[in-house]
$ cat coords_10.txt   # compact mmCIF, C-alpha atoms
# COMPACT_ATOMS: atom_id res chain seq x y z
CA MET A 556 93.95 167.21 194.23
CA THR A 557 97.17 169.00 193.41
CA ARG A 558 97.84 170.52 190.01
CA LEU A 559 100.52 167.92 189.37
CA GLU A 560 98.05 165.10 190.12
CA ALA A 561 95.48 166.67 187.83
CA THR A 562 98.07 167.14 185.11
CA ARG A 563 98.99 163.45 185.30
CA LEU A 564 95.35 162.61 184.63
CA VAL A 565 95.32 164.86 181.57
CA LEU A 566 98.42 163.12 180.23
CA THR A 567 96.88 159.70 180.83
CA ALA A 568 93.74 160.72 178.97
CA ALA A 569 95.75 162.28 176.15
CA GLY A 570 97.60 159.14 175.14
CA ASP A 571 99.44 160.24 172.00
CA ALA A 572 97.37 163.40 171.59
CA PRO A 573 98.86 166.92 171.71
CA VAL A 574 98.81 168.85 174.99
CA VAL A 575 99.42 172.62 175.09
CA ALA A 576 100.48 174.11 178.44
CA SER A 577 100.26 177.66 179.68
CA LEU A 578 103.51 179.23 180.76
CA GLY A 579 104.98 178.87 184.23
CA HIS A 580 103.75 176.30 186.69
CA PRO A 581 101.25 174.57 184.36
CA ALA A 582 104.03 173.98 181.82
CA TYR A 583 106.47 172.93 184.54
CA ASP A 584 103.98 170.40 185.86
CA LEU A 585 103.26 169.04 182.40
CA PHE A 586 106.98 168.42 182.01
CA ALA A 587 107.16 166.81 185.46
CA ALA A 588 104.11 164.66 184.76
CA GLY A 589 105.79 163.27 181.68
CA ASP A 590 107.91 164.94 179.03
CA ARG A 591 106.93 163.83 175.54
CA PRO A 592 107.18 165.31 172.04
CA GLN A 593 103.44 165.96 171.89
CA ASN A 594 103.75 168.48 174.74
CA PHE A 595 103.81 172.10 173.61
CA TYR A 596 105.29 174.19 176.41
CA THR A 597 104.79 177.94 176.19
CA TRP A 598 107.44 180.17 177.74
CA GLY A 599 105.50 183.42 177.31
CA SER A 600 102.28 184.72 175.77
CA MET A 601 100.25 184.39 178.96
CA GLY A 602 96.62 183.66 178.11
CA MET A 603 97.30 182.20 174.68
CA ALA A 604 97.28 178.47 175.53
CA SER A 605 93.57 178.02 174.79
CA SER A 606 93.93 179.96 171.53
CA ILE A 607 96.90 177.84 170.44
CA GLY A 608 94.93 174.73 171.29
CA LEU A 609 91.98 176.02 169.27
CA GLY A 610 94.23 176.57 166.25
CA ILE A 611 95.62 173.05 166.47
CA ALA A 612 92.13 171.61 166.90
CA LEU A 613 90.93 173.47 163.78
CA ALA A 614 93.96 172.35 161.80
CA LYS A 615 93.71 168.73 162.87
CA PRO A 616 90.05 167.81 163.25
CA ALA A 617 90.87 164.11 163.54
CA ALA A 618 93.13 164.64 166.56
CA ARG A 619 92.01 165.22 170.10
CA VAL A 620 93.70 168.31 171.53
CA PHE A 621 94.19 169.12 175.22
CA VAL A 622 95.07 172.43 176.84
CA VAL A 623 96.40 172.81 180.37
CA ASP A 624 95.57 176.40 181.27
CA GLY A 625 95.68 178.42 184.47
CA ASP A 626 92.95 180.51 186.05
CA GLY A 627 95.01 183.69 185.88
CA ALA A 628 95.99 182.94 182.29
CA LEU A 629 92.46 182.26 181.09
CA LEU A 630 91.28 185.45 182.79
CA MET A 631 93.81 187.27 180.62
CA ASN A 632 92.11 185.97 177.44
CA LEU A 633 88.46 185.45 178.36
CA GLY A 634 87.47 186.39 174.81
CA SER A 635 88.91 183.02 173.83
CA LEU A 636 85.87 181.41 175.45
CA ALA A 637 83.60 183.41 173.15
CA THR A 638 85.56 182.31 170.09
CA ILE A 639 85.60 178.68 171.16
CA GLY A 640 81.92 178.95 172.06
CA LEU A 641 81.23 180.11 168.54
CA LEU A 642 83.17 177.27 166.90
CA LYS A 643 82.65 174.49 169.46
CA PRO A 644 85.43 172.26 168.14
CA PRO A 645 84.46 168.74 169.25
CA ASN A 646 88.08 167.65 169.55
CA LEU A 647 89.23 170.32 172.04
CA THR A 648 89.42 169.90 175.82
CA ILE A 649 90.62 172.76 178.02
CA VAL A 650 91.49 171.89 181.60
CA VAL A 651 91.83 175.04 183.68
CA MET A 652 94.03 174.39 186.69
CA ASP A 653 92.26 176.75 189.08
CA ASN A 654 94.34 177.25 192.21
CA GLY A 655 93.00 180.77 192.85
CA GLU A 656 96.45 182.29 192.68
CA TYR A 657 99.14 183.60 190.40
CA ALA A 658 101.42 180.87 191.70
CA THR A 659 104.26 181.44 189.25
CA THR A 660 104.66 185.03 190.39
CA GLY A 661 104.45 184.51 194.13
CA GLY A 662 100.94 183.42 194.97
CA GLN A 663 98.91 186.61 194.62
CA ALA A 664 95.19 185.81 194.74
CA THR A 665 93.28 185.74 191.45
CA PRO A 666 89.61 186.75 191.16
CA THR A 667 88.62 183.07 191.30
CA ALA A 668 89.83 183.06 194.92
CA HIS A 669 87.05 185.56 195.58
CA GLY A 670 84.31 183.76 193.71
CA ALA A 671 84.87 184.50 190.03
CA ASP A 672 83.48 181.42 188.30
CA LEU A 673 85.20 180.26 185.12
CA GLU A 674 82.74 177.41 184.56
CA ALA A 675 79.92 179.95 184.54
CA ALA A 676 81.92 182.16 182.19
CA ALA A 677 82.36 179.26 179.80
CA ARG A 678 78.66 178.39 180.00
CA ALA A 679 77.76 182.01 179.33
CA MET A 680 79.74 181.66 176.09
CA ARG A 681 77.62 178.59 175.21
CA LEU A 682 80.27 176.03 176.08
CA ASP A 683 79.67 172.79 177.89
CA ALA A 684 81.67 173.19 181.09
CA ALA A 685 82.14 171.51 184.46
CA THR A 686 83.99 172.08 187.72
CA VAL A 687 85.72 169.18 189.46
CA ARG A 688 87.49 168.92 192.81
CA THR A 689 88.68 165.33 192.93
CA GLU A 690 90.89 163.11 190.83
CA ASP A 691 88.03 160.66 190.39
CA ASP A 692 85.73 163.31 188.96
CA LEU A 693 88.40 164.75 186.69
CA GLY A 694 89.43 161.32 185.44
CA ALA A 695 85.81 160.39 184.75
CA LEU A 696 85.17 163.54 182.73
CA LEU A 697 88.38 163.16 180.74
CA ALA A 698 87.60 159.55 179.90
CA GLY A 699 83.84 159.56 179.75
CA GLY A 700 81.15 159.92 177.17
CA ARG A 701 80.35 163.48 178.15
CA ARG A 702 83.24 165.64 177.11
CA PRO A 703 82.84 169.22 178.24
CA ILE A 704 85.15 171.52 176.32
CA VAL A 705 86.05 173.42 179.49
CA ILE A 706 86.86 171.58 182.72
CA VAL A 707 87.70 173.79 185.68
CA ALA A 708 89.84 171.68 188.03
CA LYS A 709 90.01 173.15 191.51
CA VAL A 710 93.57 172.28 192.48
CA ALA A 711 96.05 172.91 195.23
CA GLU A 712 99.34 174.46 194.27
CA SER A 713 102.12 171.89 193.99
CA ALA A 714 105.48 173.62 193.84
CA PRO A 715 107.12 172.43 190.62
CA THR A 716 110.57 170.89 190.82
CA ALA A 717 111.54 170.68 187.15
CA LYS A 718 111.32 172.84 184.06
CA PRO A 719 110.85 171.93 180.40
CA PRO A 720 113.48 172.60 177.73
CA LEU A 721 114.13 176.31 177.17
CA ASP A 722 114.72 176.05 173.43
CA CYS A 723 111.49 177.28 171.86
CA VAL A 724 112.35 176.11 168.35
CA PHE A 725 113.25 172.65 169.64
CA ILE A 726 109.90 172.46 171.44
CA LYS A 727 108.08 173.48 168.26
CA GLN A 728 109.88 171.19 165.85
CA ARG A 729 109.67 168.18 168.14
CA PHE A 730 105.97 168.87 168.65
CA MET A 731 105.17 169.33 164.96
CA ALA A 732 107.01 166.18 163.97
CA ALA A 733 105.22 164.20 166.68
CA ILE A 734 101.76 165.28 165.56
CA GLY A 735 102.44 164.60 161.91
CA ASN A 736 103.48 167.98 160.49
CA PRO A 737 107.28 167.96 160.29
CA GLU A 738 108.50 171.41 159.30
CA GLU A 739 110.93 170.14 156.68
CA ALA A 740 108.09 168.45 154.79
CA ALA A 741 106.10 171.68 154.96
CA ASP A 742 109.04 173.52 153.40
CA ALA A 743 109.34 170.98 150.63
CA ALA A 744 105.65 171.30 149.88
CA GLY A 745 106.02 175.06 149.83
CA ARG A 746 108.83 174.96 147.29
CA ALA A 747 107.15 172.44 145.04
CA MET B 369 76.67 196.87 146.00
CA SER B 370 79.83 198.85 145.56
CA GLU B 371 82.52 197.36 143.39
CA ARG B 372 85.16 195.45 145.28
CA PRO B 373 88.41 197.43 145.44
CA ALA B 374 91.32 196.09 143.42
CA TRP B 375 93.70 196.13 146.38
CA ALA B 376 91.42 193.73 148.29
CA ALA B 377 91.21 191.36 145.33
CA GLY B 378 95.01 191.46 145.11
CA VAL B 379 95.47 190.68 148.80
CA CYS B 380 93.19 187.66 148.51
CA ALA B 381 94.85 186.41 145.33
CA GLY B 382 98.27 186.78 146.94
CA LEU B 383 97.32 184.92 150.11
CA HIS B 384 95.68 182.14 148.13
CA ALA B 385 98.62 181.78 145.75
CA ALA B 386 100.93 181.53 148.78
CA GLY B 387 98.98 178.56 150.10
CA CYS B 388 97.18 180.33 152.93
CA ARG B 389 93.92 178.49 153.54
CA ASP B 390 93.36 179.96 156.98
CA ALA B 391 92.91 183.63 157.82
CA VAL B 392 92.23 184.76 161.38
CA TYR B 393 90.82 188.24 161.63
CA VAL B 394 89.52 191.09 163.70
CA PRO B 395 87.54 193.18 161.23
CA ASP B 396 87.78 196.80 160.28
CA ASN B 397 86.19 198.72 157.41
CA PRO B 398 88.86 198.21 154.74
CA LEU B 399 89.34 194.56 155.72
CA SER B 400 85.62 193.98 155.16
CA HIS B 401 86.42 194.04 151.43
CA VAL B 402 89.08 191.36 151.88
CA LEU B 403 86.68 189.20 153.88
CA ALA B 404 83.91 189.60 151.28
CA GLU B 405 86.26 188.74 148.43
CA MET B 406 87.52 185.67 150.27
CA ARG B 407 84.01 184.46 150.99
CA GLU B 408 82.98 184.92 147.39
CA ARG B 409 85.99 183.78 145.40
CA TYR B 410 88.10 181.60 147.71
CA ARG B 411 85.72 179.26 149.45
CA ASP B 412 88.55 176.94 150.45
CA VAL B 413 89.94 179.62 152.77
CA ARG B 414 88.66 179.28 156.32
CA LEU B 415 87.99 182.63 157.98
CA THR B 416 88.15 182.62 161.77
CA LEU B 417 86.97 185.57 163.82
CA ALA B 418 88.94 186.45 166.95
CA THR B 419 87.66 188.72 169.70
CA ARG B 420 90.99 190.50 170.04
CA GLU B 421 94.09 190.71 167.91
CA GLU B 422 96.40 188.97 170.38
CA GLU B 423 94.04 186.02 170.37
CA ALA B 424 94.22 185.96 166.57
CA PHE B 425 97.97 185.40 166.77
CA GLY B 426 97.52 182.60 169.29
CA ILE B 427 95.01 180.85 167.01
CA ALA B 428 97.25 181.39 163.98
CA ALA B 429 100.21 179.91 165.85
CA GLY B 430 98.16 176.83 166.63
CA LEU B 431 97.07 176.54 163.01
CA TYR B 432 100.71 176.56 161.92
CA LEU B 433 101.63 173.94 164.50
CA GLY B 434 98.81 171.87 163.02
CA GLY B 435 100.27 172.10 159.54
CA ARG B 436 98.40 175.07 158.04
CA ARG B 437 99.73 178.30 156.51
CA PRO B 438 98.00 181.07 158.43
CA ALA B 439 97.36 184.72 157.71
CA VAL B 440 96.24 187.28 160.28
CA LEU B 441 94.16 190.28 159.21
CA VAL B 442 94.13 193.20 161.64
CA GLN B 443 93.99 196.96 161.87
CA SER B 444 97.21 198.71 162.89
CA SER B 445 95.69 199.73 166.24
CA GLY B 446 95.12 196.05 166.93
CA LEU B 447 98.68 195.06 166.27
CA GLY B 448 99.40 197.04 169.41
CA ASN B 449 97.05 194.66 171.20
CA SER B 450 99.06 191.71 169.95
CA LEU B 451 102.61 192.48 170.88
CA ASN B 452 102.99 190.07 173.80
CA ALA B 453 101.86 187.09 171.76
CA VAL B 454 103.94 188.22 168.79
CA THR B 455 107.12 188.78 170.76
CA SER B 456 106.90 185.91 173.27
CA LEU B 457 105.29 183.23 171.08
CA VAL B 458 105.36 183.87 167.35
CA ILE B 459 108.91 185.24 167.07
CA PRO B 460 110.83 183.03 169.55
CA TYR B 461 109.15 179.84 168.32
CA GLN B 462 109.77 180.99 164.72
CA ILE B 463 106.18 180.68 163.59
CA PRO B 464 105.51 182.07 160.11
CA ILE B 465 102.37 184.17 159.74
CA VAL B 466 101.46 186.56 156.94
CA ILE B 467 100.08 189.68 158.61
CA ILE B 468 97.84 192.01 156.63
CA VAL B 469 97.67 195.35 158.44
CA SER B 470 94.97 197.82 157.54
CA MET B 471 96.63 201.12 158.44
CA ARG B 472 95.14 203.86 160.53
CA GLY B 473 96.90 207.00 161.61
CA ASP B 474 98.83 207.53 158.40
CA ILE B 475 98.20 210.21 155.79
CA GLY B 476 94.46 210.72 155.36
CA GLU B 477 93.64 209.96 158.99
CA TRP B 478 90.90 212.10 160.52
CA ASN B 479 90.78 210.53 164.00
CA ALA B 480 93.45 211.73 166.45
CA ALA B 481 93.03 208.61 168.57
CA GLN B 482 94.37 206.53 165.69
CA VAL B 483 97.47 208.63 165.01
CA PRO B 484 99.99 207.64 167.72
CA MET B 485 99.86 203.89 167.04
CA GLY B 486 99.71 204.43 163.29
CA ARG B 487 102.85 206.56 163.40
CA ALA B 488 104.59 204.02 165.60
CA MET B 489 103.70 201.01 163.43
CA ARG B 490 106.88 200.80 161.34
CA PRO B 491 109.29 201.63 164.20
CA ILE B 492 107.62 198.93 166.32
CA LEU B 493 107.85 196.34 163.55
CA ASP B 494 111.50 197.28 163.03
CA ALA B 495 112.22 197.11 166.74
CA ILE B 496 110.87 193.57 167.08
CA GLY B 497 112.39 192.46 163.79
CA ILE B 498 109.30 191.84 161.68
CA PRO B 499 109.92 192.51 157.99
CA HIS B 500 107.25 194.68 156.40
CA ALA B 501 106.31 196.29 153.11
CA ALA B 502 103.58 198.71 152.17
CA ILE B 503 101.21 198.09 149.31
CA GLU B 504 101.94 201.21 147.31
CA SER B 505 99.29 200.75 144.64
CA PRO B 506 96.30 198.45 144.13
CA ALA B 507 98.06 196.73 141.23
CA ASP B 508 100.95 195.91 143.57
CA ALA B 509 98.88 194.16 146.22
CA GLU B 510 99.13 190.56 145.03
CA ARG B 511 102.87 190.77 144.43
CA ILE B 512 103.62 192.35 147.83
CA VAL B 513 101.51 189.77 149.64
CA ARG B 514 103.23 186.92 147.80
CA LEU B 515 106.63 188.37 148.64
CA ALA B 516 105.68 188.68 152.30
CA ALA B 517 104.45 185.09 152.30
CA SER B 518 107.75 183.91 150.78
CA THR B 519 109.63 185.71 153.53
CA ALA B 520 107.34 184.35 156.22
CA PHE B 521 107.24 180.71 155.20
CA GLY B 522 110.80 180.66 153.87
CA THR B 523 112.48 182.21 156.89
CA ARG B 524 109.94 181.07 159.50
CA MET B 525 109.15 184.56 160.67
CA PRO B 526 106.02 186.65 160.64
CA ALA B 527 106.01 189.19 157.80
CA ALA B 528 103.66 192.14 157.45
CA CYS B 529 101.97 193.89 154.53
CA LEU B 530 100.80 197.38 155.40
CA VAL B 531 97.78 198.66 153.50
CA PRO B 532 97.88 202.47 153.69
CA ARG B 533 94.82 204.66 153.93
CA ARG B 534 95.59 206.30 150.65
CA ILE B 535 94.86 202.87 149.12
CA THR B 536 91.90 201.88 151.28
CA SER B 537 90.23 205.32 151.35
CA PRO B 538 91.16 206.93 148.07
CA ALA B 539 88.43 209.55 148.37
CA ALA B 540 89.04 212.27 150.94
CA PRO B 541 86.74 211.60 153.87
CA ARG B 542 84.11 214.18 154.58
CA MET B 543 84.97 216.22 157.64
CA PRO B 544 82.35 217.09 160.24
CA SER B 545 80.79 220.41 159.39
CA ALA B 546 82.13 223.39 161.35
CA SER B 547 78.83 225.26 160.80
$ encode --input "coords_10.txt" --output "structure tokens"
Amino acid sequence: MTRLEATRLVLTAAGDAPVVASLGHPAYDLFAAGDRPQNFYTWGSMGMASSIGLGIALAKPAARVFVVDGDGALLMNLGSLATIGLLKPPNLTIVVMDNGEYATTGGQATPTAHGADLEAAARAMRLDAATVRTEDDLGALLAGGRRPIVIVAKVAESAPTAKPPLDCVFIKQRFMAAIGNPEEAADAAGRA
Amino acid sequence: MSERPAWAAGVCAGLHAAGCRDAVYVPDNPLSHVLAEMRERYRDVRLTLATREEEAFGIAAGLYLGGRRPAVLVQSSGLGNSLNAVTSLVIPYQIPIVIIVSMRGDIGEWNAAQVPMGRAMRPILDAIGIPHAAIESPADAERIVRLAASTAFGTRMPAACLVPRRITSPAAPRMPSAS
């Protein structure tokens, strides 16, 4: 299973739901899998994707929220698992695309390449978690009755060929409008 | 039970009046008064603990994307922990967040480890373009917080309120005995 194949499965499961992508290759693959307004592409803030997803999930409890993270990125913000483990938002799903490398920066090995276990880390923070290696298993978990909050998808690197829009404010405003919080309406409410 | 300090009541009143119903925090001693006041008097404000200040900004950004008006409560040392998320997420995506900064390292500081970041706080905020104002007196707290919130939500930028030690620790701290 390549990361792009796994990302396509996340998009299929998401339907109209928001998807937050970590910077670099995960965001590039989300764009390649299918650009849509409900995609929030980060261009920086490595490690923050799961935190952003948590914030959206808390703000919109009726929406299902997906995060496409990377192994290197999640290792940069492991405390996020403790916070999410404390709150256990039932509407949040984090798919960690674990390719064992910092692919965006040239393929340096991450600790997961040497056995660091992100599923075990999530479980240690009292989160339901699973590791999958095939498209069938990932698709079943994304669609099924059991919905672990953290899914570690062991993926092969798939060199991205396209990049999302660079305009951060465009990404934000398109995203907010698509999930029902247009910024202009927020301003009007603030002035009223 | 010690009486709740007026500055903390003012911060809470200001955040609430500005429509903030979410505050993400990493605690410190002065902020404990803000948290207690919120829990007691503003039960409609959701308080979310983060393990690290950078994470708090990520969560707050998500809350804003989801339609909320977030505040972040941190100590000045922790704002140093946050700079990558602030400068590569919050500022370029123009995400408004009211930041309440409990100051360390300013006048009244007794811990040398707190001084360098405390002294650098304003120059750093200026360098990355975050507007900031200090709460000069307890009676001023609500007004300053409301002004910061207007700047944040009006201009879609983070804005910071600095709470100096002379406000949060009005009594001179006892020094270790030289004996």
$ closest_atom_pairs --input "coords_10.txt" --of "chain B" --to "chain A" --cutoff "10 Å" --atoms "all atoms listed in the file" --output "CSV"
residue,atom,partner,partner_atom,distance
B:Ala386,CA,A:Gly745,CA,8.3
B:Gly387,CA,A:Gly745,CA,7.9
B:Asp390,CA,A:Ala614,CA,9.0
B:Val392,CA,A:Gly610,CA,9.7
B:Arg414,CA,A:Leu613,CA,9.7
B:Thr416,CA,A:Thr638,CA,8.7
B:Leu417,CA,A:Thr638,CA,7.2
B:Ala418,CA,A:Thr638,CA,6.2
B:Thr419,CA,A:Gly634,CA,5.6
B:Arg420,CA,A:Gly634,CA,7.2
B:Glu422,CA,A:Met603,CA,8.1
B:Glu423,CA,A:Ser606,CA,6.2
B:Ala424,CA,A:Ser606,CA,7.8
B:Phe425,CA,A:Ser606,CA,8.3
B:Gly426,CA,A:Ile607,CA,4.9
B:Ile427,CA,A:Gly610,CA,4.4
B:Ala428,CA,A:Gly610,CA,6.1
B:Ala429,CA,A:Ile607,CA,6.0
B:Gly430,CA,A:Gly610,CA,4.0
B:Leu431,CA,A:Gly610,CA,4.3
B:Tyr432,CA,A:Ile611,CA,7.7
B:Leu433,CA,A:Met731,CA,5.8
B:Gly434,CA,A:Ile611,CA,4.8
B:Gly435,CA,A:Asn736,CA,5.3
B:Arg436,CA,A:Ala614,CA,6.4
B:Arg437,CA,A:Ala741,CA,9.3
B:Pro438,CA,A:Gly610,CA,9.8
B:Ser450,CA,A:Ser600,CA,9.6
B:Leu451,CA,A:Ser600,CA,9.2
B:Asn452,CA,A:Ser600,CA,5.7
B:Ala453,CA,A:Ser600,CA,4.7
B:Val454,CA,A:Ser600,CA,8.0
B:Thr455,CA,A:Ser600,CA,8.1
B:Ser456,CA,A:Gly599,CA,4.9
B:Leu457,CA,A:Ser600,CA,5.8
B:Val458,CA,A:Ser600,CA,9.0
B:Ile459,CA,A:Cys723,CA,9.6
B:Pro460,CA,A:Cys723,CA,6.2
B:Tyr461,CA,A:Val724,CA,4.9
B:Gln462,CA,A:Val724,CA,6.6
B:Ile463,CA,A:Lys727,CA,8.8
B:Ser518,CA,A:Gly745,CA,9.1
B:Phe521,CA,A:Asp742,CA,7.6
B:Gly522,CA,A:Asp742,CA,7.4
B:Thr523,CA,A:Asp742,CA,10.0
B:Arg524,CA,A:Asp742,CA,9.7
$ write_last_selection --input "coords_10.txt" --atoms "C-alpha atoms" --output "PDB file, in the frame of the given file"
ATOM      1  CA  ALA B 386     100.930 181.530 148.780  1.00  0.00           C
ATOM      2  CA  GLY B 387      98.980 178.560 150.100  1.00  0.00           C
ATOM      3  CA  ASP B 390      93.360 179.960 156.980  1.00  0.00           C
ATOM      4  CA  VAL B 392      92.230 184.760 161.380  1.00  0.00           C
ATOM      5  CA  ARG B 414      88.660 179.280 156.320  1.00  0.00           C
ATOM      6  CA  THR B 416      88.150 182.620 161.770  1.00  0.00           C
ATOM      7  CA  LEU B 417      86.970 185.570 163.820  1.00  0.00           C
ATOM      8  CA  ALA B 418      88.940 186.450 166.950  1.00  0.00           C
ATOM      9  CA  THR B 419      87.660 188.720 169.700  1.00  0.00           C
ATOM     10  CA  ARG B 420      90.990 190.500 170.040  1.00  0.00           C
ATOM     11  CA  GLU B 422      96.400 188.970 170.380  1.00  0.00           C
ATOM     12  CA  GLU B 423      94.040 186.020 170.370  1.00  0.00           C
ATOM     13  CA  ALA B 424      94.220 185.960 166.570  1.00  0.00           C
ATOM     14  CA  PHE B 425      97.970 185.400 166.770  1.00  0.00           C
ATOM     15  CA  GLY B 426      97.520 182.600 169.290  1.00  0.00           C
ATOM     16  CA  ILE B 427      95.010 180.850 167.010  1.00  0.00           C
ATOM     17  CA  ALA B 428      97.250 181.390 163.980  1.00  0.00           C
ATOM     18  CA  ALA B 429     100.210 179.910 165.850  1.00  0.00           C
ATOM     19  CA  GLY B 430      98.160 176.830 166.630  1.00  0.00           C
ATOM     20  CA  LEU B 431      97.070 176.540 163.010  1.00  0.00           C
ATOM     21  CA  TYR B 432     100.710 176.560 161.920  1.00  0.00           C
ATOM     22  CA  LEU B 433     101.630 173.940 164.500  1.00  0.00           C
ATOM     23  CA  GLY B 434      98.810 171.870 163.020  1.00  0.00           C
ATOM     24  CA  GLY B 435     100.270 172.100 159.540  1.00  0.00           C
ATOM     25  CA  ARG B 436      98.400 175.070 158.040  1.00  0.00           C
ATOM     26  CA  ARG B 437      99.730 178.300 156.510  1.00  0.00           C
ATOM     27  CA  PRO B 438      98.000 181.070 158.430  1.00  0.00           C
ATOM     28  CA  SER B 450      99.060 191.710 169.950  1.00  0.00           C
ATOM     29  CA  LEU B 451     102.610 192.480 170.880  1.00  0.00           C
ATOM     30  CA  ASN B 452     102.990 190.070 173.800  1.00  0.00           C
ATOM     31  CA  ALA B 453     101.860 187.090 171.760  1.00  0.00           C
ATOM     32  CA  VAL B 454     103.940 188.220 168.790  1.00  0.00           C
ATOM     33  CA  THR B 455     107.120 188.780 170.760  1.00  0.00           C
ATOM     34  CA  SER B 456     106.900 185.910 173.270  1.00  0.00           C
ATOM     35  CA  LEU B 457     105.290 183.230 171.080  1.00  0.00           C
ATOM     36  CA  VAL B 458     105.360 183.870 167.350  1.00  0.00           C
ATOM     37  CA  ILE B 459     108.910 185.240 167.070  1.00  0.00           C
ATOM     38  CA  PRO B 460     110.830 183.030 169.550  1.00  0.00           C
ATOM     39  CA  TYR B 461     109.150 179.840 168.320  1.00  0.00           C
ATOM     40  CA  GLN B 462     109.770 180.990 164.720  1.00  0.00           C
ATOM     41  CA  ILE B 463     106.180 180.680 163.590  1.00  0.00           C
ATOM     42  CA  SER B 518     107.750 183.910 150.780  1.00  0.00           C
ATOM     43  CA  PHE B 521     107.240 180.710 155.200  1.00  0.00           C
ATOM     44  CA  GLY B 522     110.800 180.660 153.870  1.00  0.00           C
ATOM     45  CA  THR B 523     112.480 182.210 156.890  1.00  0.00           C
ATOM     46  CA  ARG B 524     109.940 181.070 159.500  1.00  0.00           C
TER      47      ARG B 524
END
$ closest_residue --input "coords_10.txt" --among "B:Ala385, B:Leu399, B:Ala517, B:Ala495" --to "B:Ile467" --atoms "all atoms listed in the file"
B:Ala517
$ atom_distance --input "coords_10.txt" --atom1 "atom CA of B:Cys529" --atom2 "atom CA of B:Val466"
7.7 Å
$ residues_near_point --input "coords_10.txt" --point "(101.8, 166.2, 173.5)" --cutoff "7 Å" --atoms "only C-alpha atoms" --output "list of chain:residue names"
A:Asp571, A:Ala572, A:Pro573, A:Val574, A:Arg591, A:Pro592, A:Gln593, A:Asn594, A:Phe595, A:Phe730
$ residues_around --input "coords_10.txt" --residues "A:Leu673" --least-positions-apart "6" --cutoff "10 Å" --atoms "all atoms listed in the file" --output "JSON list (two decimals) with C-alpha atoms, keeping the file's coordinate frame"
[["chain", "number", "residue", "atom", "x", "y", "z"],
["A", 626, "ASP", "CA", 92.95, 180.51, 186.05],
["A", 629, "LEU", "CA", 92.46, 182.26, 181.09],
["A", 630, "LEU", "CA", 91.28, 185.45, 182.79],
["A", 633, "LEU", "CA", 88.46, 185.45, 178.36],
["A", 636, "LEU", "CA", 85.87, 181.41, 175.45],
["A", 651, "VAL", "CA", 91.83, 175.04, 183.68],
["A", 653, "ASP", "CA", 92.26, 176.75, 189.08],
["A", 666, "PRO", "CA", 89.61, 186.75, 191.16],
["A", 667, "THR", "CA", 88.62, 183.07, 191.30],
["A", 679, "ALA", "CA", 77.76, 182.01, 179.33],
["A", 684, "ALA", "CA", 81.67, 173.19, 181.09],
["A", 685, "ALA", "CA", 82.14, 171.51, 184.46],
["A", 686, "THR", "CA", 83.99, 172.08, 187.72],
["A", 705, "VAL", "CA", 86.05, 173.42, 179.49],
["A", 706, "ILE", "CA", 86.86, 171.58, 182.72],
["A", 707, "VAL", "CA", 87.70, 173.79, 185.68]]
$ residues_around --input "coords_10.txt" --residues "B:Met406" --least-positions-apart "4" --cutoff "10 Å" --atoms "only C-alpha atoms" --output "ChimeraX atom specification"
/B:376-377,379-381,383-384,391,400-402,410-415
$ closest_residue --input "coords_10.txt" --among "A:Pro644, A:Thr659, A:Glu739, A:Ala561" --to "A:Tyr583" --atoms "only C-alpha atoms"
A:Thr659
$ residues_around --input "coords_10.txt" --residues "B:Ser537" --least-positions-apart "5" --cutoff "12 Å" --atoms "only C-alpha atoms" --output "PyMOL selection string"
chain B and resi 373+375+397-399+401+470-472+474-478+506+531-532+542
$ write_last_selection --input "coords_10.txt" --atoms "C-alpha atoms" --output "mmCIF file, in the coordinates of the input"
data_model
loop_
_atom_site.group_PDB
_atom_site.id
_atom_site.type_symbol
_atom_site.label_atom_id
_atom_site.label_comp_id
_atom_site.auth_asym_id
_atom_site.auth_seq_id
_atom_site.Cartn_x
_atom_site.Cartn_y
_atom_site.Cartn_z
ATOM 1 C CA PRO B 373 88.410 197.430 145.440
ATOM 2 C CA TRP B 375 93.700 196.130 146.380
ATOM 3 C CA ASN B 397 86.190 198.720 157.410
ATOM 4 C CA PRO B 398 88.860 198.210 154.740
ATOM 5 C CA LEU B 399 89.340 194.560 155.720
ATOM 6 C CA HIS B 401 86.420 194.040 151.430
ATOM 7 C CA SER B 470 94.970 197.820 157.540
ATOM 8 C CA MET B 471 96.630 201.120 158.440
ATOM 9 C CA ARG B 472 95.140 203.860 160.530
ATOM 10 C CA ASP B 474 98.830 207.530 158.400
ATOM 11 C CA ILE B 475 98.200 210.210 155.790
ATOM 12 C CA GLY B 476 94.460 210.720 155.360
ATOM 13 C CA GLU B 477 93.640 209.960 158.990
ATOM 14 C CA TRP B 478 90.900 212.100 160.520
ATOM 15 C CA PRO B 506 96.300 198.450 144.130
ATOM 16 C CA VAL B 531 97.780 198.660 153.500
ATOM 17 C CA PRO B 532 97.880 202.470 153.690
ATOM 18 C CA ARG B 542 84.110 214.180 154.580
#
$ atom_distance --input "coords_10.txt" --atom1 "atom CA of A:Phe621" --atom2 "atom CA of A:Thr648"
4.9 Å
$ atom_distance --input "coords_10.txt" --atom1 "atom CA of A:Lys643" --atom2 "atom CA of A:Leu682"
7.2 Å
$ residues_near_point --input "coords_10.txt" --point "(93.0, 161.3, 175.6)" --cutoff "8 Å" --atoms "only C-alpha atoms" --output "JSON, numbers by chain"
{"A": [565, 566, 567, 568, 569, 570, 571, 572, 619, 621, 697, 698]}
